[in-house]
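Here's my_file.txt, which has compact mmCIF, C-alpha atoms:
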```
# COMPACT_ATOMS: atom_id res chain seq x y z
CA MET K 1 -4.70 -58.82 -46.24
CA GLU K 2 -1.04 -57.92 -46.47
CA GLU K 3 -1.56 -54.71 -44.50
CA ALA K 4 -2.75 -56.52 -41.38
CA LYS K 5 0.86 -56.61 -40.18
CA PRO K 6 2.51 -53.20 -39.83
CA ARG K 7 5.03 -52.60 -42.62
CA TYR K 8 6.08 -49.21 -41.32
CA GLY K 9 7.18 -48.16 -37.84
CA ASP K 10 5.21 -45.54 -35.92
CA TRP K 11 7.97 -42.93 -36.03
CA ALA K 12 8.56 -43.43 -39.74
CA LEU K 13 4.85 -42.98 -40.45
CA LEU K 14 4.64 -39.89 -38.24
CA ALA K 15 7.66 -38.35 -39.97
CA ARG K 16 6.14 -38.95 -43.41
CA LEU K 17 2.73 -37.59 -42.38
CA PHE K 18 4.27 -34.41 -40.99
CA GLY K 19 6.35 -34.17 -44.14
CA GLU K 20 3.11 -34.17 -46.13
CA ALA K 21 1.74 -31.47 -43.81
CA ARG K 22 4.80 -29.18 -43.87
CA SER K 23 3.13 -26.63 -46.17
CA TYR K 24 0.58 -26.06 -43.38
CA ALA K 25 3.19 -25.35 -40.71
CA GLY K 26 2.06 -21.75 -40.21
CA SER K 27 -1.59 -22.71 -39.84
CA LEU K 28 -0.69 -25.50 -37.40
CA VAL K 29 1.28 -23.04 -35.26
CA VAL K 30 -1.76 -20.72 -35.10
CA LEU K 31 -3.97 -23.67 -34.14
CA PHE K 32 -1.46 -24.71 -31.48
CA PHE K 33 -1.47 -21.29 -29.80
CA VAL K 34 -5.27 -21.03 -29.95
CA SER K 35 -5.50 -24.47 -28.33
CA LEU K 36 -2.91 -23.40 -25.75
CA ILE K 37 -5.22 -20.67 -24.44
CA GLY K 38 -7.10 -23.46 -22.69
CA ALA K 39 -4.25 -23.86 -20.16
CA PRO K 40 -4.60 -20.43 -18.43
CA LEU K 41 -8.38 -20.71 -18.63
CA ALA K 42 -8.13 -24.02 -16.78
CA LEU K 43 -6.28 -22.19 -13.99
CA LEU K 44 -8.92 -19.46 -13.72
CA LEU K 45 -12.05 -21.63 -13.67
CA PRO K 46 -11.73 -22.93 -10.04
CA LEU K 47 -10.63 -19.56 -8.63
CA PRO K 48 -14.15 -18.10 -8.03
CA VAL K 49 -15.14 -21.26 -6.11
CA LYS K 50 -12.10 -20.92 -3.88
CA ILE K 51 -12.90 -17.25 -3.21
CA VAL K 52 -16.51 -18.05 -2.28
CA VAL K 53 -15.58 -20.94 0.05
CA ASP K 54 -12.70 -19.19 1.84
CA HIS K 55 -13.62 -15.50 1.76
CA VAL K 56 -17.43 -15.33 1.41
CA LEU K 57 -18.60 -18.37 3.37
CA GLY K 58 -15.41 -18.49 5.47
CA SER K 59 -13.17 -15.90 7.05
CA GLU K 60 -9.77 -16.86 5.68
CA PRO K 61 -7.41 -13.93 4.97
CA PHE K 62 -6.87 -13.04 1.33
CA PRO K 63 -3.56 -14.33 -0.08
CA PRO K 64 -1.15 -11.61 -1.26
CA ILE K 65 -1.84 -12.19 -4.95
CA LEU K 66 -5.60 -11.67 -4.49
CA GLN K 67 -5.00 -8.64 -2.29
CA SER K 68 -3.04 -7.04 -5.12
CA VAL K 69 -5.70 -7.86 -7.73
CA LEU K 70 -9.02 -7.30 -5.94
CA PRO K 71 -10.05 -3.74 -4.90
CA GLN K 72 -10.21 -3.15 -1.16
CA SER K 73 -13.92 -2.30 -1.40
CA LEU K 74 -14.57 -5.73 -2.88
CA GLN K 75 -12.52 -7.53 -0.25
CA SER K 76 -14.51 -5.92 2.55
CA ASP K 77 -17.97 -6.57 1.03
CA PRO K 78 -18.89 -10.32 0.98
CA ASP K 79 -22.12 -9.74 -0.98
CA ARG K 80 -20.36 -7.89 -3.81
CA LEU K 81 -17.55 -10.46 -3.75
CA LEU K 82 -20.10 -13.27 -4.14
CA PHE K 83 -21.75 -11.50 -7.07
CA VAL K 84 -18.41 -10.84 -8.83
CA SER K 85 -17.32 -14.45 -8.23
CA ALA K 86 -20.55 -15.79 -9.74
CA LEU K 87 -20.21 -13.41 -12.70
CA SER K 88 -16.60 -14.56 -13.16
CA VAL K 89 -17.79 -18.16 -13.55
CA VAL K 90 -20.01 -17.08 -16.46
CA VAL K 91 -17.20 -15.03 -18.08
CA PHE K 92 -14.64 -17.82 -17.76
CA ALA K 93 -17.13 -20.38 -19.13
CA LEU K 94 -17.87 -18.10 -22.09
CA LEU K 95 -14.16 -17.61 -22.82
CA THR K 96 -13.63 -21.37 -22.64
CA GLN K 97 -16.44 -22.00 -25.12
CA LEU K 98 -15.11 -19.33 -27.50
CA GLN K 99 -11.64 -20.89 -27.34
CA THR K 100 -13.12 -24.33 -28.01
CA PHE K 101 -15.15 -23.02 -30.94
CA ALA K 102 -12.14 -21.26 -32.50
CA SER K 103 -10.03 -24.41 -32.13
CA TRP K 104 -12.76 -26.55 -33.66
CA MET K 105 -13.14 -24.25 -36.68
CA LEU K 106 -9.39 -24.13 -37.29
CA GLU K 107 -9.06 -27.91 -36.89
CA THR K 108 -11.82 -28.51 -39.43
CA SER K 109 -10.51 -26.00 -41.98
CA ILE K 110 -6.84 -27.01 -41.79
CA GLY K 111 -7.54 -30.73 -41.51
CA GLN K 112 -9.90 -30.87 -44.48
CA ARG K 113 -7.46 -28.99 -46.71
CA MET K 114 -4.68 -31.38 -45.70
CA VAL K 115 -6.85 -34.36 -46.58
CA VAL K 116 -7.72 -32.91 -50.01
CA ASP K 117 -4.04 -32.30 -50.78
CA LEU K 118 -3.08 -35.85 -49.83
CA ARG K 119 -6.00 -37.25 -51.83
CA ARG K 120 -4.91 -35.22 -54.85
CA ARG K 121 -1.36 -36.58 -54.59
CA LEU K 122 -2.62 -40.14 -54.11
CA PHE K 123 -5.06 -39.82 -57.03
CA GLU K 124 -2.34 -38.52 -59.35
CA HIS K 125 -0.08 -41.38 -58.33
CA LEU K 126 -2.81 -43.99 -58.80
CA GLN K 127 -3.33 -42.76 -62.37
CA ARG K 128 0.36 -43.19 -63.13
CA LEU K 129 0.52 -46.78 -61.86
CA SER K 130 0.26 -49.57 -64.39
CA LEU K 131 -2.93 -51.38 -65.36
CA ALA K 132 -1.41 -54.54 -63.90
CA PHE K 133 -1.34 -52.91 -60.45
CA HIS K 134 -5.03 -51.98 -60.66
CA ALA K 135 -5.96 -55.38 -62.04
CA MET K 136 -4.24 -57.05 -59.10
CA ARG K 137 -5.52 -54.72 -56.35
CA GLY K 138 -8.93 -53.78 -57.73
CA THR K 139 -10.30 -50.28 -58.01
CA ALA K 140 -12.38 -50.53 -54.82
CA ASP K 141 -9.24 -50.91 -52.71
CA SER K 142 -7.74 -47.81 -54.32
CA ILE K 143 -10.98 -45.86 -53.79
CA TYR K 144 -11.06 -46.89 -50.12
CA ARG K 145 -7.48 -45.74 -49.60
CA LEU K 146 -8.23 -42.48 -51.38
CA GLN K 147 -11.47 -41.65 -49.55
CA VAL K 148 -11.00 -43.26 -46.12
CA ASP K 149 -7.32 -43.91 -45.44
CA ALA K 150 -6.16 -40.48 -46.63
CA THR K 151 -7.97 -38.87 -43.67
CA ALA K 152 -5.13 -40.20 -41.49
CA ILE K 153 -3.19 -36.98 -42.05
CA GLN K 154 -5.97 -34.97 -40.38
CA SER K 155 -6.30 -37.46 -37.54
CA VAL K 156 -2.58 -37.33 -36.79
CA ALA K 157 -1.42 -33.77 -37.56
CA VAL K 158 -4.55 -31.92 -36.38
CA GLY K 159 -6.54 -34.31 -34.22
CA GLY K 160 -3.57 -36.07 -32.63
CA ALA K 161 -0.33 -34.11 -32.40
CA ILE K 162 -1.71 -30.70 -31.38
CA PRO K 163 -4.14 -31.99 -28.69
CA PHE K 164 -1.31 -34.25 -27.45
CA ALA K 165 1.13 -31.31 -27.17
CA THR K 166 -1.39 -28.97 -25.56
CA ALA K 167 -2.42 -31.72 -23.11
CA ILE K 168 1.21 -32.10 -22.00
CA ILE K 169 1.55 -28.33 -21.48
CA LYS K 170 -1.77 -28.23 -19.63
CA VAL K 171 -0.59 -31.03 -17.35
CA ILE K 172 2.63 -29.14 -16.58
CA VAL K 173 0.77 -25.90 -15.84
CA LEU K 174 -1.78 -27.61 -13.59
CA VAL K 175 0.87 -29.62 -11.71
CA ILE K 176 2.82 -26.41 -11.03
CA ALA K 177 -0.38 -24.73 -9.80
CA VAL K 178 -1.17 -27.66 -7.48
CA ALA K 179 2.44 -27.86 -6.27
CA ARG K 180 2.31 -24.21 -5.20
CA LEU K 181 -0.60 -25.12 -2.93
CA ASP K 182 0.48 -28.64 -1.84
CA TRP K 183 3.50 -30.37 -3.34
CA VAL K 184 2.56 -33.75 -1.83
CA LEU K 185 -0.72 -33.85 -3.75
CA ALA K 186 1.06 -32.75 -6.92
CA ALA K 187 3.57 -35.59 -6.53
CA ILE K 188 0.75 -38.13 -6.09
CA ALA K 189 -0.95 -36.84 -9.24
CA LEU K 190 2.28 -37.27 -11.20
CA LEU K 191 2.66 -40.89 -10.07
CA GLY K 192 -0.10 -41.85 -12.50
CA GLY K 193 2.08 -40.80 -15.45
CA PRO K 194 4.38 -43.87 -15.53
CA ALA K 195 1.38 -46.18 -15.17
CA LEU K 196 -0.36 -44.53 -18.12
CA PHE K 197 2.82 -44.75 -20.20
CA GLY K 198 3.14 -48.47 -19.43
CA LEU K 199 -0.49 -49.10 -20.43
CA THR K 200 0.01 -47.19 -23.68
CA GLU K 201 3.06 -49.24 -24.61
CA LEU K 202 1.23 -52.45 -23.70
CA PHE K 203 -1.73 -51.74 -26.00
CA ARG K 204 -0.11 -49.71 -28.81
CA ARG K 205 0.95 -52.53 -31.16
CA ARG K 206 -2.19 -54.53 -30.49
CA LEU K 207 -4.39 -51.60 -31.47
CA ARG K 208 -2.32 -50.90 -34.59
CA ARG K 209 -2.68 -54.48 -35.82
CA GLY K 210 -6.39 -54.52 -34.99
CA TRP K 211 -7.23 -51.35 -36.92
CA ALA K 212 -5.07 -52.41 -39.87
CA GLU K 213 -7.13 -55.61 -40.07
CA VAL K 214 -10.36 -53.60 -39.93
CA ARG K 215 -9.24 -51.38 -42.83
CA ALA K 216 -8.28 -54.40 -44.94
CA HIS K 217 -11.64 -56.15 -44.39
CA GLU K 218 -13.64 -53.01 -45.09
CA SER K 219 -11.72 -52.46 -48.31
CA SER K 220 -12.33 -56.09 -49.30
CA ALA K 221 -16.09 -55.73 -48.71
CA MET K 222 -16.17 -52.56 -50.80
CA GLY K 223 -14.41 -54.51 -53.55
CA VAL K 224 -17.28 -57.00 -53.72
CA VAL K 225 -19.81 -54.16 -54.09
CA GLN K 226 -17.79 -52.46 -56.81
CA GLU K 227 -17.24 -55.69 -58.77
CA SER K 228 -20.90 -56.71 -58.56
CA LEU K 229 -22.30 -53.35 -59.58
CA GLN K 230 -19.85 -53.00 -62.47
CA ALA K 231 -20.91 -56.40 -63.80
CA LEU K 232 -24.55 -56.11 -62.77
CA SER K 233 -25.87 -57.24 -66.16
CA VAL K 234 -23.83 -60.45 -65.88
CA VAL K 235 -24.92 -61.00 -62.28
CA LYS K 236 -28.58 -60.63 -63.28
CA ALA K 237 -28.20 -62.79 -66.38
CA PHE K 238 -26.96 -65.73 -64.30
CA GLY K 239 -29.18 -65.05 -61.28
CA GLN K 240 -26.24 -64.58 -58.93
CA GLU K 241 -27.70 -61.79 -56.75
CA THR K 242 -28.00 -64.04 -53.67
CA ARG K 243 -24.48 -65.36 -54.12
CA GLU K 244 -23.03 -61.84 -54.41
CA THR K 245 -24.97 -60.69 -51.34
CA HIS K 246 -23.64 -63.66 -49.39
CA ARG K 247 -20.09 -62.90 -50.58
CA TYR K 248 -20.45 -59.28 -49.46
CA LEU K 249 -21.90 -60.21 -46.06
CA GLN K 250 -19.15 -62.74 -45.50
CA ARG K 251 -16.44 -60.11 -45.94
CA ALA K 252 -18.40 -57.41 -44.12
CA ASP K 253 -18.89 -59.75 -41.14
CA ARG K 254 -15.13 -60.26 -40.96
CA GLY K 255 -14.75 -56.48 -40.80
CA VAL K 256 -17.35 -56.25 -38.02
CA ASP K 257 -15.56 -58.96 -36.02
CA ALA K 258 -12.22 -57.19 -36.46
CA ALA K 259 -13.76 -53.83 -35.46
CA VAL K 260 -15.30 -55.38 -32.33
CA ARG K 261 -11.92 -56.82 -31.35
CA ALA K 262 -10.19 -53.48 -31.91
CA VAL K 263 -12.85 -51.53 -29.98
CA ARG K 264 -12.74 -54.10 -27.17
CA ALA K 265 -8.98 -53.62 -26.83
CA HIS K 266 -9.44 -49.85 -26.88
CA GLY K 267 -12.21 -50.11 -24.29
CA ILE K 268 -10.04 -52.22 -21.96
CA PHE K 269 -7.30 -49.63 -22.33
CA ASP K 270 -9.70 -46.79 -21.45
CA LEU K 271 -11.01 -48.81 -18.50
CA LEU K 272 -7.52 -49.33 -17.07
CA VAL K 273 -6.67 -45.65 -17.58
CA GLY K 274 -9.86 -44.71 -15.71
CA VAL K 275 -8.94 -47.06 -12.85
CA VAL K 276 -5.46 -45.48 -12.53
CA ASN K 277 -6.98 -41.99 -12.49
CA GLY K 278 -9.65 -43.06 -9.99
CA ILE K 279 -7.09 -44.52 -7.57
CA ALA K 280 -5.00 -41.34 -7.80
CA ALA K 281 -8.09 -39.16 -7.20
CA ALA K 282 -9.10 -41.22 -4.16
CA VAL K 283 -5.64 -41.00 -2.60
CA ILE K 284 -5.49 -37.25 -3.25
CA LEU K 285 -8.95 -36.71 -1.71
CA TYR K 286 -7.97 -38.66 1.41
CA ILE K 287 -4.62 -36.95 1.94
CA GLY K 288 -6.02 -33.54 0.98
CA ALA K 289 -8.79 -33.85 3.58
CA ARG K 290 -6.15 -34.76 6.19
CA HIS K 291 -4.15 -31.68 5.25
CA VAL K 292 -7.23 -29.49 5.76
CA GLN K 293 -7.84 -31.09 9.15
CA HIS K 294 -4.26 -30.46 10.28
CA GLY K 295 -3.86 -26.96 8.86
CA PRO K 296 -1.57 -26.88 5.77
CA LEU K 297 -4.58 -26.32 3.48
CA THR K 298 -7.77 -24.33 3.72
CA LEU K 299 -11.06 -25.86 2.59
CA GLY K 300 -11.19 -23.47 -0.36
CA GLU K 301 -7.67 -24.46 -1.41
CA LEU K 302 -8.63 -28.15 -1.25
CA VAL K 303 -11.68 -27.47 -3.42
CA MET K 304 -9.44 -25.56 -5.83
CA ILE K 305 -6.89 -28.41 -5.92
CA LEU K 306 -9.61 -30.99 -6.56
CA ALA K 307 -10.91 -28.82 -9.40
CA TYR K 308 -7.41 -28.57 -10.85
CA LEU K 309 -6.88 -32.31 -10.50
CA SER K 310 -10.19 -33.07 -12.21
CA GLN K 311 -8.85 -31.03 -15.13
CA LEU K 312 -5.41 -32.62 -14.74
CA PHE K 313 -6.73 -36.16 -15.09
CA MET K 314 -8.56 -35.22 -18.29
CA PRO K 315 -5.37 -34.28 -20.23
CA LEU K 316 -3.48 -37.17 -18.60
CA ARG K 317 -6.16 -39.52 -19.87
CA GLU K 318 -6.18 -37.73 -23.22
CA ILE K 319 -2.45 -38.24 -23.62
CA GLY K 320 -2.89 -41.96 -23.21
CA THR K 321 -6.01 -42.31 -25.33
CA ARG K 322 -4.58 -40.10 -28.09
CA VAL K 323 -1.53 -42.33 -28.36
CA ALA K 324 -3.81 -45.37 -28.49
CA SER K 325 -6.43 -43.99 -30.88
CA ILE K 326 -3.77 -42.63 -33.22
CA GLN K 327 -2.93 -46.25 -34.04
CA SER K 328 -6.10 -46.37 -36.15
CA ALA K 329 -4.85 -43.39 -38.16
CA LEU K 330 -1.37 -44.89 -38.50
CA ALA K 331 -2.91 -48.10 -39.83
CA SER K 332 -4.59 -46.02 -42.55
CA ALA K 333 -1.41 -44.01 -43.18
CA ALA K 334 0.53 -47.23 -43.76
CA ARG K 335 -1.99 -48.21 -46.47
CA VAL K 336 -1.69 -44.79 -48.14
CA PHE K 337 2.11 -44.85 -48.20
CA ALA K 338 2.12 -48.47 -49.40
CA VAL K 339 0.45 -47.17 -52.58
CA LEU K 340 2.62 -44.04 -52.84
CA ASP K 341 5.71 -46.25 -52.58
CA GLU K 342 4.59 -48.32 -55.58
CA ARG K 343 6.65 -47.42 -58.63
CA PRO K 344 5.07 -47.18 -62.10
CA ASP K 345 6.23 -49.72 -64.69
CA VAL K 346 7.27 -46.84 -66.95
CA GLU K 347 9.00 -44.00 -65.13
CA GLU K 348 8.85 -40.43 -66.40
CA ARG K 349 12.21 -38.87 -67.17
CA PRO K 350 13.09 -36.18 -64.60
CA LYS K 351 13.37 -33.43 -67.25
CA ALA K 352 10.96 -34.80 -69.84
CA GLU K 353 9.51 -32.20 -72.19
CA ARG K 354 5.78 -31.69 -71.98
CA LEU K 355 3.98 -32.54 -75.22
CA GLU K 356 1.54 -29.72 -75.94
CA ARG K 357 0.13 -30.82 -79.31
CA ALA K 358 1.22 -33.78 -81.43
CA ARG K 359 1.37 -33.50 -85.25
CA GLY K 360 1.04 -37.24 -85.80
CA ASP K 361 4.61 -37.76 -87.13
CA PHE K 362 6.80 -40.35 -85.44
CA ARG K 363 9.97 -42.32 -86.11
CA PHE K 364 11.71 -45.36 -84.66
CA GLU K 365 15.31 -45.10 -83.40
CA ASN K 366 17.39 -48.06 -82.20
CA VAL K 367 14.37 -50.37 -82.18
CA ALA K 368 14.66 -54.15 -82.67
CA PHE K 369 12.04 -56.86 -82.95
CA ALA K 370 12.41 -60.66 -82.83
CA TYR K 371 10.61 -63.80 -81.73
```

Could I get this structure in the form of structure tokens?
Amino acid sequence: MEEAKPRYGDWALLARLFGEARSYAGSLVVLFFVSLIGAPLALLLPLPVKIVVDHVLGSEPFPPILQSVLPQSLQSDPDRLLFVSALSVVVFALLTQLQTFASWMLETSIGQRMVVDLRRRLFEHLQRLSLAFHAMRGTADSIYRLQVDATAIQSVAVGGAIPFATAIIKVIVLVIAVARLDWVLAAIALLGGPALFGLTELFRRRLRRGWAEVRAHESSAMGVVQESLQALSVVKAFGQETRETHRYLQRADRGVDAAVRAVRAHGIFDLLVGVVNGIAAAVILYIGARHVQHGPLTLGELVMILAYLSQLFMPLREIGTRVASIQSALASAARVFAVLDERPDVEERPKAERLERARGDFRFENVAFAY
């Protein structure tokens, strides 16, 4: 259970994971820009609703930017404007789904190849380590690190860093859009940021320790299965099936308890994040309605702002939850690098010659033997 306590800092682990992923830098940049398309789409989605509320159902004058974009014939015909607005909703939704699909395909392709490369490196290293290392750790623990823990690179580089970066950019874009309509509401939305940061810092280490404990217990339970099945003839000969099942369940139950504790901590974190976002949304709704009553905002602009803020709270929440959930991946990454940092008992010379085919001749040079 030595991995239950973090042996590596978060920043050190992140640096090493991105070092492992550096050969995929070009692919990650492409994925980043494809993911970034979601920011302008988020700005366009509420626009048809605003047009319908203010200029089809209401009689508000068109703002200059819409006057320059929409044809005069469309501005003077409410029925056509309603039809085009409804059609725009379908087009924007389709573009959003296409962007999501492209991002998902790229994430899967790049992430899986990263995992295979890290597994290959870990497998090669495991083969070079001494028999004493494997006798002490057990093969099941190595298999678990190879098959389960190695996926940390995908969780961090593809499923963590890029969504985190695009969420920050999306927040900035949406805050600027809201500020152009009502800077007071934009300032209120930003006040939730420090609260989310404080919650993340409060739960980060606790989640890291919890998921590290889960990984250790799961690996231990897998070890019982591997040992029992390898020595199945012995187990059957001595009638120890019930004992081995009890031993497995005992370790598996510890893993379940650890997982429940980790998920409970994560759930409390998500709950508090939701409360912060809910309070901010309530305050914005109240003040926004007051601004409509007293003139600074139109009803359509308030609807548009609320739509922007609903999308703003999603990336704000994602930023917090990504930082928290990434602790599970960092717990796995620490276990992978703990193995990669193990040094073989016999080191290869840096410029050793590769032996293609041995003839069977050998000689001893400077060799001594004594009791």

For Leu199 (chain K), work out the shell of residues within 8 Å, counting all atoms listed in the file and skipping chain neighbours fewer than 6 positions away, then give it as a PyMOL selection string.
chain K and resi 269+272-273

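In this comparison, which uses all atoms listed in the file, the residue of K:Val116, K:Leu74, K:Leu57, K:Val158 approaching Phe32 (chain K) most closely is K:Val158.
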
Which residues of region 123-215 of chain K come within 12 Å of region 280-303 of chain K, and what is each one's closest atom pair and distance in Å (one decimal), counting all atoms listed in the file, sorted by chain and residue number, as a tab-separated table?
```
residue	atom	partner	partner_atom	distance
K:Ala177	CA	K:Glu301	CA	11.1
K:Val178	CA	K:Glu301	CA	9.5
K:Ala179	CA	K:Glu301	CA	11.7
K:Arg180	CA	K:Glu301	CA	10.7
K:Leu181	CA	K:Glu301	CA	7.3
K:Asp182	CA	K:Leu297	CA	7.7
K:Trp183	CA	K:Gly288	CA	10.9
K:Val184	CA	K:Ile287	CA	8.7
K:Leu185	CA	K:Ile284	CA	5.9
K:Ala186	CA	K:Ile284	CA	8.8
K:Ala187	CA	K:Ile284	CA	9.8
K:Ile188	CA	K:Ala280	CA	6.8
K:Ala189	CA	K:Ala280	CA	6.2
K:Leu190	CA	K:Ala280	CA	9.0
K:Leu191	CA	K:Ala280	CA	8.0
K:Gly192	CA	K:Ala280	CA	6.8
K:Gly193	CA	K:Ala280	CA	10.4
K:Ala195	CA	K:Ala280	CA	10.9
K:Leu196	CA	K:Ala280	CA	11.8
```

Distance query region 70-72 of chain K at most 12 Å, all atoms listed in the file, self and fewer than 5 positions along chain excluded, as an MDAnalysis selection string:
chainID K and resid 51 62:65 77:78 80:81 84:85

Residues from last step as file, C-alpha atoms, as a PDB file, in the frame of the given file:
```pdb
ATOM      1  CA  ILE K  51     -12.900 -17.250  -3.210  1.00  0.00           C
ATOM      2  CA  PHE K  62      -6.870 -13.040   1.330  1.00  0.00           C
ATOM      3  CA  PRO K  63      -3.560 -14.330  -0.080  1.00  0.00           C
ATOM      4  CA  PRO K  64      -1.150 -11.610  -1.260  1.00  0.00           C
ATOM      5  CA  ILE K  65      -1.840 -12.190  -4.950  1.00  0.00           C
ATOM      6  CA  ASP K  77     -17.970  -6.570   1.030  1.00  0.00           C
ATOM      7  CA  PRO K  78     -18.890 -10.320   0.980  1.00  0.00           C
ATOM      8  CA  ARG K  80     -20.360  -7.890  -3.810  1.00  0.00           C
ATOM      9  CA  LEU K  81     -17.550 -10.460  -3.750  1.00  0.00           C
ATOM     10  CA  VAL K  84     -18.410 -10.840  -8.830  1.00  0.00           C
ATOM     11  CA  SER K  85     -17.320 -14.450  -8.230  1.00  0.00           C
TER      12      SER K  85
END
```

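Take CA of Glu342 (chain K) and CA of Gln154 (chain K): the distance between them is 22.8 Å.
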
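We find CA of Ala39 (chain K) and CA of Tyr308 (chain K) to be spaced 10.9 Å apart.
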
Minimum-distance residue to Glu244 (chain K), chosen among K:Leu355, K:Val225, K:Val263, K:Leu94 (using only C-alpha atoms)
K:Val225

Mind listing whatever residues come within 10 Å of the point (-14.4, -14.4, 2.7)? Use only C-alpha atoms, file coordinates, and give them as a count of residues only.
20

For His246 (chain K), please output as a compact mmCIF listing (two decimals) with C-alpha atoms, in the frame of the given file all residues within 12 Å (counting only C-alpha atoms; exclusion window: fewer than 4 positions along the same chain).
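For reference, result.txt as written:
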```
# COMPACT_ATOMS: atom_id res chain seq x y z
CA ALA K 221 -16.09 -55.73 -48.71
CA VAL K 224 -17.28 -57.00 -53.72
CA VAL K 225 -19.81 -54.16 -54.09
CA SER K 228 -20.90 -56.71 -58.56
CA GLN K 240 -26.24 -64.58 -58.93
CA GLU K 241 -27.70 -61.79 -56.75
CA THR K 242 -28.00 -64.04 -53.67
CA GLN K 250 -19.15 -62.74 -45.50
CA ARG K 251 -16.44 -60.11 -45.94
CA ALA K 252 -18.40 -57.41 -44.12
CA ASP K 253 -18.89 -59.75 -41.14
```

Can you list, as a PDB file with C-alpha atoms, in the frame of the given file, every protein, DNA or RNA residue that comes within 9 Å of region 325-333 of chain K when you count all atoms listed in the file, leaving out same-chain residues fewer than 4 positions away?
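Ended up saving to around07.pdb:
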```pdb
ATOM      1  CA  GLU K   3      -1.560 -54.710 -44.500  1.00  0.00           C
ATOM      2  CA  ALA K   4      -2.750 -56.520 -41.380  1.00  0.00           C
ATOM      3  CA  PRO K   6       2.510 -53.200 -39.830  1.00  0.00           C
ATOM      4  CA  ASP K  10       5.210 -45.540 -35.920  1.00  0.00           C
ATOM      5  CA  LEU K  13       4.850 -42.980 -40.450  1.00  0.00           C
ATOM      6  CA  LEU K  14       4.640 -39.890 -38.240  1.00  0.00           C
ATOM      7  CA  LEU K  17       2.730 -37.590 -42.380  1.00  0.00           C
ATOM      8  CA  ARG K 145      -7.480 -45.740 -49.600  1.00  0.00           C
ATOM      9  CA  VAL K 148     -11.000 -43.260 -46.120  1.00  0.00           C
ATOM     10  CA  ASP K 149      -7.320 -43.910 -45.440  1.00  0.00           C
ATOM     11  CA  ALA K 150      -6.160 -40.480 -46.630  1.00  0.00           C
ATOM     12  CA  THR K 151      -7.970 -38.870 -43.670  1.00  0.00           C
ATOM     13  CA  ALA K 152      -5.130 -40.200 -41.490  1.00  0.00           C
ATOM     14  CA  ILE K 153      -3.190 -36.980 -42.050  1.00  0.00           C
ATOM     15  CA  GLN K 154      -5.970 -34.970 -40.380  1.00  0.00           C
ATOM     16  CA  SER K 155      -6.300 -37.460 -37.540  1.00  0.00           C
ATOM     17  CA  VAL K 156      -2.580 -37.330 -36.790  1.00  0.00           C
ATOM     18  CA  GLY K 159      -6.540 -34.310 -34.220  1.00  0.00           C
ATOM     19  CA  GLY K 160      -3.570 -36.070 -32.630  1.00  0.00           C
ATOM     20  CA  ARG K 204      -0.110 -49.710 -28.810  1.00  0.00           C
ATOM     21  CA  ARG K 205       0.950 -52.530 -31.160  1.00  0.00           C
ATOM     22  CA  LEU K 207      -4.390 -51.600 -31.470  1.00  0.00           C
ATOM     23  CA  ARG K 208      -2.320 -50.900 -34.590  1.00  0.00           C
ATOM     24  CA  ARG K 209      -2.680 -54.480 -35.820  1.00  0.00           C
ATOM     25  CA  GLY K 210      -6.390 -54.520 -34.990  1.00  0.00           C
ATOM     26  CA  TRP K 211      -7.230 -51.350 -36.920  1.00  0.00           C
ATOM     27  CA  ALA K 212      -5.070 -52.410 -39.870  1.00  0.00           C
ATOM     28  CA  GLU K 213      -7.130 -55.610 -40.070  1.00  0.00           C
ATOM     29  CA  ARG K 215      -9.240 -51.380 -42.830  1.00  0.00           C
ATOM     30  CA  HIS K 266      -9.440 -49.850 -26.880  1.00  0.00           C
ATOM     31  CA  GLY K 320      -2.890 -41.960 -23.210  1.00  0.00           C
ATOM     32  CA  THR K 321      -6.010 -42.310 -25.330  1.00  0.00           C
ATOM     33  CA  PHE K 337       2.110 -44.850 -48.200  1.00  0.00           C
ATOM     34  CA  ALA K 338       2.120 -48.470 -49.400  1.00  0.00           C
TER      35      ALA K 338
END
```
